[in-house]
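Novice: Here you go, this is work_26.cif (mmCIF, C-alpha atoms and all ligand atoms).
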data_upload
loop_
_atom_site.label_atom_id
_atom_site.label_comp_id
_atom_site.auth_asym_id
_atom_site.auth_seq_id
_atom_site.Cartn_x
_atom_site.Cartn_y
_atom_site.Cartn_z
CA MET A 1 5.26 31.34 -25.68
CA SER A 2 2.39 30.85 -23.28
CA ASP A 3 1.27 27.46 -24.55
CA VAL A 4 0.34 24.43 -22.49
CA VAL A 5 1.32 20.85 -23.29
CA ALA A 6 -0.57 17.89 -21.80
CA VAL A 7 1.01 14.46 -22.08
CA ALA A 8 -1.44 11.61 -22.71
CA GLU A 9 -1.11 8.16 -21.19
CA HIS A 10 -1.95 4.74 -22.58
CA ARG A 11 -1.47 1.21 -21.44
CA ARG A 12 -1.67 -2.01 -23.37
CA GLY A 13 -3.49 -0.51 -26.30
CA GLU A 14 -5.93 1.64 -24.34
CA LEU A 15 -5.83 5.37 -23.88
CA ARG A 16 -6.24 6.02 -20.17
CA ALA A 17 -9.05 8.25 -18.88
CA VAL A 18 -6.58 10.60 -17.22
CA SER A 19 -5.47 11.77 -20.68
CA LEU A 20 -8.84 13.41 -21.27
CA GLU A 21 -8.83 14.90 -17.78
CA LEU A 22 -5.48 16.56 -18.53
CA ILE A 23 -7.03 18.08 -21.63
CA THR A 24 -9.71 19.75 -19.49
CA ALA A 25 -7.09 21.02 -17.03
CA GLY A 26 -4.82 22.12 -19.89
CA ARG A 27 -7.57 23.93 -21.81
CA ASP A 28 -8.56 25.89 -18.74
CA LEU A 29 -4.94 26.89 -18.13
CA ALA A 30 -4.33 27.81 -21.76
CA ASP A 31 -7.40 30.06 -21.67
CA HIS A 32 -5.71 31.95 -18.86
CA THR A 33 -2.15 31.96 -20.23
CA GLY A 34 -3.55 33.05 -23.59
CA GLY A 35 -1.75 30.23 -25.38
CA ARG A 36 -2.56 27.10 -27.34
CA LEU A 37 -3.19 23.64 -25.94
CA HIS A 38 -0.96 20.89 -27.31
CA VAL A 39 -1.37 17.22 -26.48
CA ALA A 40 1.53 14.80 -26.83
CA VAL A 41 1.24 11.04 -27.13
CA VAL A 42 4.31 8.82 -27.16
CA GLY A 43 4.27 5.32 -28.60
CA GLY A 44 1.57 2.73 -29.15
CA ASP A 45 -1.08 3.16 -31.82
CA VAL A 46 -0.44 6.90 -32.06
CA ASP A 47 -2.83 7.52 -34.96
CA ALA A 48 -5.79 5.96 -33.16
CA TYR A 49 -4.91 7.77 -29.94
CA ALA A 50 -4.59 11.07 -31.83
CA ASP A 51 -8.20 10.74 -33.04
CA SER A 52 -9.46 10.16 -29.50
CA LEU A 53 -7.36 13.04 -28.19
CA SER A 54 -8.68 15.56 -30.73
CA CYS A 55 -11.27 16.82 -28.30
CA GLU A 56 -12.86 20.22 -28.28
CA GLY A 57 -10.32 22.79 -27.14
CA VAL A 58 -7.21 20.94 -28.30
CA ASP A 59 -5.16 22.91 -30.83
CA VAL A 60 -2.50 20.38 -31.83
CA VAL A 61 -1.93 16.69 -31.11
CA HIS A 62 1.72 15.68 -31.45
CA THR A 63 2.25 12.00 -32.13
CA ILE A 64 5.64 10.54 -31.31
CA ASP A 65 5.83 7.11 -32.85
CA GLU A 66 8.46 5.52 -30.61
CA GLY A 67 7.87 2.17 -28.91
CA GLU A 68 4.71 0.31 -27.97
CA GLU A 69 4.56 0.62 -24.21
CA PHE A 70 5.84 3.03 -21.61
CA ASN A 71 9.62 3.30 -21.41
CA HIS A 72 11.23 5.81 -19.08
CA ASP A 73 14.17 6.72 -21.31
CA ILE A 74 12.09 7.03 -24.47
CA TYR A 75 9.57 9.26 -22.73
CA VAL A 76 12.25 11.49 -21.23
CA GLN A 77 14.18 11.81 -24.48
CA THR A 78 11.21 12.43 -26.77
CA LEU A 79 9.31 14.75 -24.44
CA THR A 80 12.44 16.75 -23.69
CA GLN A 81 12.88 17.35 -27.41
CA LEU A 82 9.21 18.22 -27.98
CA ALA A 83 9.08 20.55 -24.97
CA THR A 84 12.32 22.22 -26.04
CA ASP A 85 10.77 22.87 -29.47
CA LEU A 86 7.42 24.11 -28.17
CA ASP A 87 8.74 25.79 -25.03
CA PRO A 88 5.33 25.71 -23.31
CA GLN A 89 4.69 27.70 -20.21
CA VAL A 90 3.20 24.69 -18.44
CA LEU A 91 3.76 21.01 -19.13
CA LEU A 92 1.14 18.69 -17.62
CA VAL A 93 1.87 15.03 -16.88
CA PRO A 94 -0.53 12.54 -15.24
CA HIS A 95 0.25 11.81 -11.58
CA THR A 96 0.21 8.08 -12.24
CA VAL A 97 2.79 5.36 -11.77
CA ASN A 98 4.21 6.17 -15.22
CA GLY A 99 3.99 9.93 -14.78
CA MET A 100 5.70 9.81 -11.40
CA ASP A 101 8.44 7.78 -13.04
CA TYR A 102 9.40 10.18 -15.81
CA ALA A 103 8.22 13.63 -14.62
CA PRO A 104 11.19 14.28 -12.29
CA ALA A 105 13.70 13.29 -14.98
CA LEU A 106 11.87 15.43 -17.54
CA ALA A 107 11.80 18.41 -15.20
CA THR A 108 15.54 18.00 -14.61
CA ALA A 109 16.29 17.69 -18.33
CA LEU A 110 14.26 20.84 -19.04
CA ASP A 111 15.54 22.63 -15.95
CA ARG A 112 11.99 23.43 -14.76
CA PRO A 113 10.46 23.37 -11.30
CA LEU A 114 8.19 20.38 -10.70
CA VAL A 115 4.91 20.53 -8.75
CA THR A 116 3.50 17.08 -8.05
CA ASP A 117 -0.01 15.74 -7.49
CA ALA A 118 -1.89 18.97 -8.22
CA VAL A 119 -5.62 18.90 -7.49
CA ALA A 120 -6.32 22.44 -8.72
CA LEU A 121 -4.50 24.88 -10.98
CA GLU A 122 -4.89 28.60 -11.52
CA TYR A 123 -3.12 31.09 -13.68
CA ALA A 124 -3.29 34.85 -13.18
CA ASP A 125 0.14 36.34 -13.85
CA HIS A 126 1.83 33.21 -12.58
CA LEU A 127 0.93 29.59 -11.96
CA THR A 128 -0.65 28.56 -8.66
CA ALA A 129 -1.12 24.88 -7.88
CA THR A 130 -3.03 23.30 -5.02
CA ARG A 131 -1.97 20.00 -3.51
CA GLU A 132 -3.11 18.08 -0.47
CA LEU A 133 -0.84 17.73 2.55
CA TYR A 134 -0.85 15.60 5.69
CA GLY A 135 -2.85 12.84 4.08
CA GLY A 136 -5.46 15.18 2.69
CA LYS A 137 -6.16 16.94 5.98
CA VAL A 138 -5.07 20.35 4.63
CA GLU A 139 -4.53 21.90 1.24
CA GLY A 140 -1.34 23.74 0.34
CA THR A 141 -1.04 26.42 -2.30
CA ILE A 142 2.16 26.46 -4.33
CA GLU A 143 2.97 29.75 -6.04
CA VAL A 144 5.32 28.97 -8.89
CA GLY A 145 7.79 31.82 -9.25
CA ALA A 146 9.44 30.57 -12.45
CA ASP A 147 7.72 31.30 -15.75
CA ARG A 148 8.08 27.69 -16.92
CA ALA A 149 6.88 24.68 -14.91
CA LEU A 150 6.06 21.00 -15.04
CA VAL A 151 3.07 19.78 -13.06
CA THR A 152 1.84 16.26 -12.38
CA VAL A 153 -1.95 16.23 -12.19
CA ARG A 154 -3.91 13.91 -9.92
CA PRO A 155 -6.29 11.62 -11.84
CA ALA A 156 -10.03 12.04 -11.38
CA GLU A 157 -9.81 15.69 -10.23
CA TRP A 158 -10.89 17.25 -13.54
CA PRO A 159 -13.78 16.05 -15.71
CA ALA A 160 -12.79 14.25 -18.89
CA ALA A 161 -12.79 16.38 -22.06
CA THR A 162 -15.52 15.53 -24.53
CA GLY A 163 -16.59 16.49 -28.02
CA THR A 164 -14.62 16.30 -31.22
CA GLY A 165 -12.54 19.29 -32.08
CA ASP A 166 -10.51 20.26 -35.10
CA ALA A 167 -7.00 19.82 -33.72
CA SER A 168 -4.24 19.45 -36.24
CA ILE A 169 -2.36 16.21 -35.87
CA GLU A 170 1.39 16.51 -36.29
CA SER A 171 3.96 13.77 -36.22
CA PHE A 172 7.03 14.72 -34.19
CA GLU A 173 10.29 13.11 -35.24
CA ALA A 174 12.43 12.65 -32.17
CA THR A 175 16.04 11.51 -32.23
CA ILE A 176 16.58 8.59 -29.89
CA ASP A 177 20.01 8.02 -28.39
CA GLU A 178 19.76 4.22 -28.11
CA SER A 179 22.88 4.09 -25.95
CA ALA A 180 20.95 6.02 -23.30
CA VAL A 181 17.95 3.65 -23.34
CA GLY A 182 18.62 1.41 -20.38
CA SER A 183 15.53 -0.81 -20.37
CA THR A 184 13.21 -2.66 -22.74
CA VAL A 185 9.66 -3.85 -22.12
CA THR A 186 9.69 -7.57 -22.92
CA GLY A 187 6.18 -8.52 -21.77
CA PHE A 188 3.64 -8.37 -19.00
CA ASP A 189 2.96 -10.69 -16.08
CA GLU A 190 -0.38 -10.17 -14.45
CA VAL A 191 -0.39 -10.18 -10.67
CA ALA A 192 -3.28 -12.10 -9.10
CA GLY A 193 -6.45 -10.13 -9.73
CA GLY A 194 -4.42 -7.66 -11.75
CA ASP A 195 -6.97 -7.75 -14.54
CA VAL A 196 -9.23 -5.45 -12.51
CA ASP A 197 -8.51 -1.76 -12.69
CA ILE A 198 -10.92 -0.11 -10.26
CA SER A 199 -9.87 3.34 -11.49
CA GLU A 200 -11.55 2.56 -14.84
CA ALA A 201 -14.83 1.19 -13.38
CA ASP A 202 -18.14 3.02 -13.90
CA LEU A 203 -19.83 1.46 -10.89
CA LEU A 204 -18.02 0.53 -7.70
CA VAL A 205 -19.43 -1.31 -4.71
CA SER A 206 -16.92 -0.59 -1.99
CA VAL A 207 -16.74 -2.46 1.28
CA GLY A 208 -15.29 -1.36 4.61
CA ARG A 209 -14.67 -2.65 8.13
CA GLY A 210 -18.40 -2.60 8.85
CA ILE A 211 -18.57 -5.95 7.02
CA ASP A 212 -17.01 -7.38 10.17
CA GLU A 213 -15.69 -10.71 8.86
CA GLU A 214 -14.32 -12.11 5.63
CA GLU A 215 -17.13 -14.70 5.63
CA ASN A 216 -19.60 -11.83 5.10
CA LEU A 217 -18.01 -10.58 1.87
CA PRO A 218 -20.36 -12.65 -0.39
CA LEU A 219 -23.15 -10.32 0.74
CA VAL A 220 -21.42 -7.45 -1.04
CA GLU A 221 -20.22 -9.62 -3.93
CA GLU A 222 -23.84 -10.54 -4.68
CA LEU A 223 -24.83 -6.88 -4.87
CA ALA A 224 -21.88 -6.25 -7.19
CA GLU A 225 -22.89 -9.17 -9.37
CA VAL A 226 -26.53 -8.17 -9.85
CA THR A 227 -25.62 -4.53 -10.54
CA GLY A 228 -22.63 -5.33 -12.76
CA ALA A 229 -20.36 -3.41 -10.38
CA THR A 230 -16.70 -3.88 -9.60
CA ILE A 231 -15.73 -4.48 -5.96
CA SER A 232 -13.36 -2.12 -4.20
CA ALA A 233 -12.54 -1.65 -0.53
CA SER A 234 -11.20 0.51 2.23
CA ARG A 235 -7.74 -0.20 3.56
CA PRO A 236 -8.58 -2.43 6.56
CA ILE A 237 -10.18 -4.96 4.21
CA VAL A 238 -6.96 -5.08 2.18
CA ASP A 239 -4.72 -5.04 5.26
CA ASN A 240 -6.65 -8.08 6.53
CA GLY A 241 -5.91 -9.84 3.24
CA TRP A 242 -9.62 -10.21 2.41
CA LEU A 243 -9.22 -8.45 -0.95
CA PRO A 244 -6.07 -7.76 -2.99
CA LYS A 245 -4.23 -4.45 -2.83
CA ASN A 246 -5.38 -3.41 -6.30
CA ARG A 247 -8.93 -3.06 -4.87
CA GLN A 248 -7.98 -0.45 -2.30
CA VAL A 249 -9.41 3.05 -2.71
CA GLY A 250 -7.67 5.99 -1.11
CA GLN A 251 -4.50 7.84 -0.44
CA SER A 252 -2.32 4.74 -0.33
CA GLY A 253 -4.56 2.90 -2.80
CA LYS A 254 -6.15 4.05 -6.03
CA THR A 255 -8.00 7.20 -6.97
CA VAL A 256 -11.32 6.35 -8.60
CA ALA A 257 -13.95 8.36 -10.43
CA PRO A 258 -16.88 6.07 -11.21
CA ASP A 259 -20.36 7.26 -12.14
CA VAL A 260 -21.62 5.67 -8.91
CA TYR A 261 -19.70 4.72 -5.75
CA ILE A 262 -21.55 2.74 -3.10
CA ALA A 263 -19.68 2.88 0.22
CA ILE A 264 -20.80 0.05 2.49
CA GLY A 265 -19.68 0.10 6.12
CA ILE A 266 -16.99 2.69 5.40
CA SER A 267 -16.57 5.54 7.89
CA GLY A 268 -15.16 8.09 5.42
CA ALA A 269 -11.68 8.75 6.82
CA VAL A 270 -9.81 11.50 4.95
CA GLN A 271 -7.39 8.96 3.51
CA HIS A 272 -10.30 7.03 2.01
CA VAL A 273 -12.23 10.06 0.79
CA ALA A 274 -9.09 11.36 -0.96
CA GLY A 275 -9.46 8.47 -3.37
CA MET A 276 -13.19 8.55 -4.13
CA LYS A 277 -14.51 12.08 -3.77
CA GLY A 278 -14.34 12.49 -7.56
CA ALA A 279 -17.17 9.97 -8.06
CA ASP A 280 -20.22 11.48 -9.77
CA THR A 281 -22.70 10.03 -7.29
CA ILE A 282 -21.77 8.69 -3.86
CA ILE A 283 -24.16 6.48 -1.93
CA ALA A 284 -23.25 5.56 1.65
CA ILE A 285 -24.67 2.87 3.89
CA ASN A 286 -23.67 3.17 7.53
CA THR A 287 -25.25 2.59 10.95
CA ASP A 288 -23.67 5.76 12.33
CA PRO A 289 -25.58 8.90 11.20
CA ASP A 290 -22.53 11.00 12.14
CA ALA A 291 -20.09 9.00 10.01
CA PRO A 292 -18.00 11.45 7.91
CA ILE A 293 -18.82 9.51 4.76
CA PHE A 294 -22.24 11.19 4.85
CA ASP A 295 -20.50 14.57 4.44
CA VAL A 296 -19.42 13.60 0.92
CA ALA A 297 -22.36 11.32 0.05
CA ASP A 298 -25.10 12.41 -2.34
CA TYR A 299 -27.44 9.77 -0.89
CA GLY A 300 -27.14 8.24 2.54
CA ILE A 301 -28.80 5.23 4.09
CA VAL A 302 -28.48 5.13 7.87
CA GLY A 303 -28.91 1.46 8.50
CA ASP A 304 -27.39 -1.93 9.11
CA LEU A 305 -25.64 -3.17 5.98
CA PHE A 306 -26.69 -6.73 6.83
CA GLU A 307 -30.30 -5.63 6.27
CA VAL A 308 -29.89 -2.94 3.61
CA VAL A 309 -27.53 -4.75 1.21
CA PRO A 310 -29.68 -7.91 0.78
CA GLU A 311 -32.67 -5.67 0.11
CA LEU A 312 -30.75 -3.78 -2.55
CA THR A 313 -29.57 -7.04 -4.11
CA ALA A 314 -33.13 -8.36 -4.20
CA HIS A 315 -34.28 -5.12 -5.80
CA PHE A 316 -31.76 -5.35 -8.67
CA GLU A 317 -32.07 -9.11 -9.22
C1 LIG A 401 -0.89 7.20 5.79
C2 LIG A 401 -2.24 6.54 5.75
C3 LIG A 401 -2.74 6.12 4.54
C4 LIG A 401 -4.01 5.53 4.49
N1 LIG A 401 -4.51 5.15 3.26
C5 LIG A 401 -5.76 4.66 3.19
C6 LIG A 401 -6.34 4.32 1.94
O1 LIG A 401 -5.71 4.41 0.88
N2 LIG A 401 -7.61 3.87 1.93
C7 LIG A 401 -8.36 3.72 3.07
O2 LIG A 401 -9.51 3.30 2.97
N3 LIG A 401 -7.83 4.02 4.25
C8 LIG A 401 -6.55 4.46 4.36
N4 LIG A 401 -6.03 4.73 5.58
C9 LIG A 401 -6.79 4.33 6.77
C10 LIG A 401 -7.87 5.29 7.18
O3 LIG A 401 -7.34 6.26 8.06
C11 LIG A 401 -9.02 4.57 7.90
O4 LIG A 401 -8.49 3.87 9.01
C12 LIG A 401 -9.78 3.59 7.03
O5 LIG A 401 -10.19 4.20 5.82
C13 LIG A 401 -10.99 3.06 7.77
O6 LIG A 401 -11.63 2.10 7.00
P1 LIG A 401 -13.18 1.81 7.21
O7 LIG A 401 -13.97 3.03 6.94
O8 LIG A 401 -13.49 0.59 6.43
O9 LIG A 401 -13.23 1.38 8.74
P2 LIG A 401 -13.79 2.16 9.99
O10 LIG A 401 -13.24 3.52 10.08
O11 LIG A 401 -13.61 1.25 11.15
O12 LIG A 401 -15.33 2.34 9.67
C14 LIG A 401 -16.25 1.28 9.64
C15 LIG A 401 -17.61 1.90 9.46
O13 LIG A 401 -18.57 0.88 9.33
C16 LIG A 401 -19.74 1.28 10.03
N5 LIG A 401 -20.46 0.06 10.38
C17 LIG A 401 -20.15 -0.86 11.31
N6 LIG A 401 -21.03 -1.86 11.30
C18 LIG A 401 -21.93 -1.57 10.33
C19 LIG A 401 -23.07 -2.22 9.83
N7 LIG A 401 -23.49 -3.42 10.32
N8 LIG A 401 -23.77 -1.64 8.83
C20 LIG A 401 -23.36 -0.45 8.31
N9 LIG A 401 -22.30 0.21 8.77
C21 LIG A 401 -21.57 -0.34 9.74
C22 LIG A 401 -19.24 2.05 11.22
O14 LIG A 401 -20.23 2.95 11.70
C23 LIG A 401 -18.04 2.78 10.64
O15 LIG A 401 -18.39 4.06 10.17
C24 LIG A 401 -4.77 5.33 5.66
C25 LIG A 401 -4.23 5.75 6.88
C26 LIG A 401 -3.00 6.36 6.93
C27 LIG A 401 -2.47 6.80 8.26
#
Could you quickly redo this structure as structure tokens?
Specialist:
Amino acid sequence: MSDVVAVAEHRRGELRAVSLELITAGRDLADHTGGRLHVAVVGGDVDAYADSLSCEGVDVVHTIDEGEEFNHDIYVQTLTQLATDLDPQVLLVPHTVNGMDYAPALATALDRPLVTDAVALEYADHLTATRELYGGKVEGTIEVGADRALVTVRPAEWPAATGTGDASIESFEATIDESAVGSTVTGFDEVAGGDVDISEADLLVSVGRGIDEEENLPLVEELAEVTGATISASRPIVDNGWLPKNRQVGQSGKTVAPDVYIAIGISGAVQHVAGMKGADTIIAINTDPDAPIFDVADYGIVGDLFEVVPELTAHFE
């Protein structure tokens, strides 16, 4: 079989955007392997998710009605059984906190090689995956010798699948060995500011060390407020404790893919760019015309943020 299976992800009742990105990556692969594209969704409101996952290019959506939220053991058991049945050539899992949790165990259970954090995939007569190395400074190409593989796919690298297709929706009955389920989700405790998920925002106003002092942050907050944007930041702002960790964009923060990303006083270090280069439109404001952020920006304003940002705020008010 030369099929491809993409595993969807959901959290607290919402299908996550990465699920649709995996469909794009999976469809492209399946076109090259000559197989069908299956999508699997485990737990939660599987029927509603199945409708949203029936995008153009999807052949079958497999719903596995086990549990409400993510559970490592349930995912490993159910997906092992589904993948054993379907025997796909490539199994795609999101490179997210959840995906990183169960992908290694799934690869072990299925006795497949695992490639993590792929940013590009190709298939000629074998699978080739690209991943970033040394903090995004170089790209490595992984030639997968085995004819079966599991790959975790970095969010925001592929466009989200769109359109409604005519996928068949099939319920997969897995057998759960309860004695091997070692944990139960009993509830959620929000961390401070945990309600904000910058990876889901359409418009991000992102602030960097150019802001100089914590007392200057309201300048950027005002722009965010009048534009309806969410605030994110580069790492120094988070390291200084001026904004919480969940606002950090980049290699050791979150990967984001908004429609518009406004980088204010951010130099554009590779570790930062790794997390935001998937934005549709990047606007950079920086005093330094040679700042690397301008290499990835669609629009650049060479200027002092203390002059430019208030003008932008006034414009949108
Ligand atoms: C392993 C590792 C992981 C990392 N992970 C991350 C990560 O996830 N995210 C991240 O962001 N970084 C990360 N970093 C840090 C990264 O290397 C950079 O140090 C960081 O991104 C720099 O942040 P910055 O652009 O805000 O600051 P700087 O590099 O100091 O840039 C500040 C910019 O502001 C401009 N500026 C100054 N004053 C003004 C003004 N008045 N108006 C307009 N512009 C002005 C300057 O010209 C400059 O370009 C990581 C580093 C390592 C080693």
Novice: Counting all atoms listed in the file, which residues of chain A sit at most 6 Å from some atom of ligand LIG 401 (chain A), and what is each one's closest atom pair with its distance in Å to one decimal, listed by chain and rising residue number, as JSON lines?
Specialist:
{"residue": "A:Gly208", "atom": "CA", "partner": "A:LIG401", "partner_atom": "O8", "distance": 3.2}
{"residue": "A:Arg209", "atom": "CA", "partner": "A:LIG401", "partner_atom": "O8", "distance": 3.8}
{"residue": "A:Gly210", "atom": "CA", "partner": "A:LIG401", "partner_atom": "C17", "distance": 3.5}
{"residue": "A:Ser234", "atom": "CA", "partner": "A:LIG401", "partner_atom": "O2", "distance": 3.3}
{"residue": "A:Arg235", "atom": "CA", "partner": "A:LIG401", "partner_atom": "O2", "distance": 4.0}
{"residue": "A:Pro236", "atom": "CA", "partner": "A:LIG401", "partner_atom": "O6", "distance": 5.5}
{"residue": "A:Val249", "atom": "CA", "partner": "A:LIG401", "partner_atom": "N2", "distance": 5.0}
{"residue": "A:Gly250", "atom": "CA", "partner": "A:LIG401", "partner_atom": "O1", "distance": 3.2}
{"residue": "A:Gln251", "atom": "CA", "partner": "A:LIG401", "partner_atom": "O1", "distance": 3.9}
{"residue": "A:Ser252", "atom": "CA", "partner": "A:LIG401", "partner_atom": "O1", "distance": 3.6}
{"residue": "A:Gly253", "atom": "CA", "partner": "A:LIG401", "partner_atom": "O1", "distance": 4.1}
{"residue": "A:Gly265", "atom": "CA", "partner": "A:LIG401", "partner_atom": "O13", "distance": 3.5}
{"residue": "A:Ile266", "atom": "CA", "partner": "A:LIG401", "partner_atom": "O7", "distance": 3.4}
{"residue": "A:Ser267", "atom": "CA", "partner": "A:LIG401", "partner_atom": "O15", "distance": 3.3}
{"residue": "A:Gly268", "atom": "CA", "partner": "A:LIG401", "partner_atom": "O7", "distance": 5.4}
{"residue": "A:Ala269", "atom": "CA", "partner": "A:LIG401", "partner_atom": "O5", "distance": 4.9}
{"residue": "A:Gln271", "atom": "CA", "partner": "A:LIG401", "partner_atom": "C5", "distance": 4.6}
{"residue": "A:His272", "atom": "CA", "partner": "A:LIG401", "partner_atom": "O2", "distance": 3.9}
{"residue": "A:Ile285", "atom": "CA", "partner": "A:LIG401", "partner_atom": "C20", "distance": 5.7}
{"residue": "A:Asn286", "atom": "CA", "partner": "A:LIG401", "partner_atom": "N9", "distance": 3.5}
{"residue": "A:Thr287", "atom": "CA", "partner": "A:LIG401", "partner_atom": "N9", "distance": 4.4}
{"residue": "A:Asp288", "atom": "CA", "partner": "A:LIG401", "partner_atom": "O14", "distance": 4.5}
{"residue": "A:Ala291", "atom": "CA", "partner": "A:LIG401", "partner_atom": "O15", "distance": 5.2}
{"residue": "A:Gly303", "atom": "CA", "partner": "A:LIG401", "partner_atom": "C20", "distance": 5.9}
{"residue": "A:Asp304", "atom": "CA", "partner": "A:LIG401", "partner_atom": "N8", "distance": 3.6}
{"residue": "A:Leu305", "atom": "CA", "partner": "A:LIG401", "partner_atom": "N8", "distance": 3.7}
{"residue": "A:Phe306", "atom": "CA", "partner": "A:LIG401", "partner_atom": "N7", "distance": 5.8}
Novice: Could you state the separation of CA of Ala297 in chain A and CA of Lys277 in chain A in Å, given to one decimal place?
Specialist: 8.8 Å
Novice: Set up a box along x, y and z of the file covering all listed atoms of range 144-152 of chain A, add 4 Å on every one of the six sides, and write the centre and edge lengths in Å to one decimal, as AutoDock Vina command-line options.
Specialist:
--center_x 5.6 --center_y 24.0 --center_z -12.9 --size_x 15.6 --size_y 23.6 --size_z 16.0
Novice: How close does each residue of range 129-172 of chain A get to range 28-44 of chain A, giving the shortest atom pair and distance in Å to one decimal for every residue with an atom at most 10 Å away, counting only C-alpha atoms, sorted by chain and residue number, as a tab-separated table?
Specialist:
residue	atom	partner	partner_atom	distance
A:Ala167	CA	A:His38	CA	8.9
A:Ser168	CA	A:His38	CA	9.6
A:Ile169	CA	A:Val39	CA	9.5
A:Glu170	CA	A:Ala40	CA	9.6
A:Ser171	CA	A:Ala40	CA	9.8
A:Phe172	CA	A:Ala40	CA	9.2
Novice: So that I can check the surroundings of Arg112 in chain A, please list as a ChimeraX atom specification every protein, DNA and RNA residue that reaches within 7 Å of it, counting only C-alpha atoms and ignoring chain neighbours fewer than 3 positions away.
Specialist: /A:107-108,148-150
Novice: Rounded to one decimal, what separation in Å do you get between CA of Met276 in chain A and CA of Val256 in chain A?
Specialist: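 Those two atoms sit 5.3 Å apart.
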Novice: From the set A:Ala129, A:Leu203, A:Ala50, A:Ala180, which residue has the shortest atom-to-atom contact distance to Val151 in chain A, counting only C-alpha atoms?
Specialist: A:Ala129
Novice: Set the distance at 8 Å and use only C-alpha atoms: which residues neighbour Leu106 in chain A once local chain neighbours fewer than 5 positions away are removed? I'd like the list as a count of residues only.
Specialist: 3
Novice: Of the candidates A:Asp239, A:Asp298, A:Glu200, A:Asp280, which one gets nearest to Arg16 in chain A if we count only C-alpha atoms?
Specialist: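 Among A:Asp239, A:Asp298, A:Glu200, A:Asp280, it is A:Glu200 that comes nearest to Arg16 in chain A.
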Novice: From the list A:Ile142, A:Ala160, A:Val309, A:Val273, which residue is nearest Val226 in chain A when using all atoms listed in the file?
Specialist: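 Result for the nearest residue to Val226 in chain A: A:Val309.
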Novice: From the set A:Thr281, A:Thr255, A:Thr313, A:Thr24, which residue has the shortest atom-to-atom contact distance to Arg154 in chain A, counting all atoms listed in the file?
Specialist: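 The answer is A:Thr255, which sits nearest to Arg154 in chain A.
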Novice: Have a look at A:Glu56, A:Glu66, A:Glu307, A:Asp189 and name the one nearest to Thr78 in chain A; count all atoms listed in the file.
Specialist: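 Among the listed residues, A:Glu66 lies closest to Thr78 in chain A.
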Novice: State, in Å with one decimal place, the distance from CA of Glu225 in chain A to CA of Glu213 in chain A.
Specialist: 19.7 Å
Novice: Would you pick out the contacts of Ser199 in chain A at 9 Å or less, using all atoms listed in the file, so that residues sharing its chain but fewer than 3 positions from it are not included, and give the list as a ChimeraX atom specification?
Specialist: /A:17,156,196,202,249,254-258
Novice: For Val18 in chain A, which residue among A:Leu312, A:Leu110, A:Val185, A:Val153 is the nearest when counting only C-alpha atoms?
Specialist: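 When distances to Val18 in chain A are compared using only C-alpha atoms, the smallest one comes from A:Val153.
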Novice: Tell me, as a PDB file with C-alpha atoms, keeping the file's coordinate frame, which residues lie within 6 Å of Pro88 in chain A, counting all atoms listed in the file; anything in the same chain fewer than 3 positions away does not count.
Specialist:
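File written: around21.pdb
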ATOM      1  CA  SER A   2       2.390  30.850 -23.280  1.00  0.00           C
ATOM      2  CA  ASP A   3       1.270  27.460 -24.550  1.00  0.00           C
ATOM      3  CA  VAL A   4       0.340  24.430 -22.490  1.00  0.00           C
TER       4      VAL A   4
END
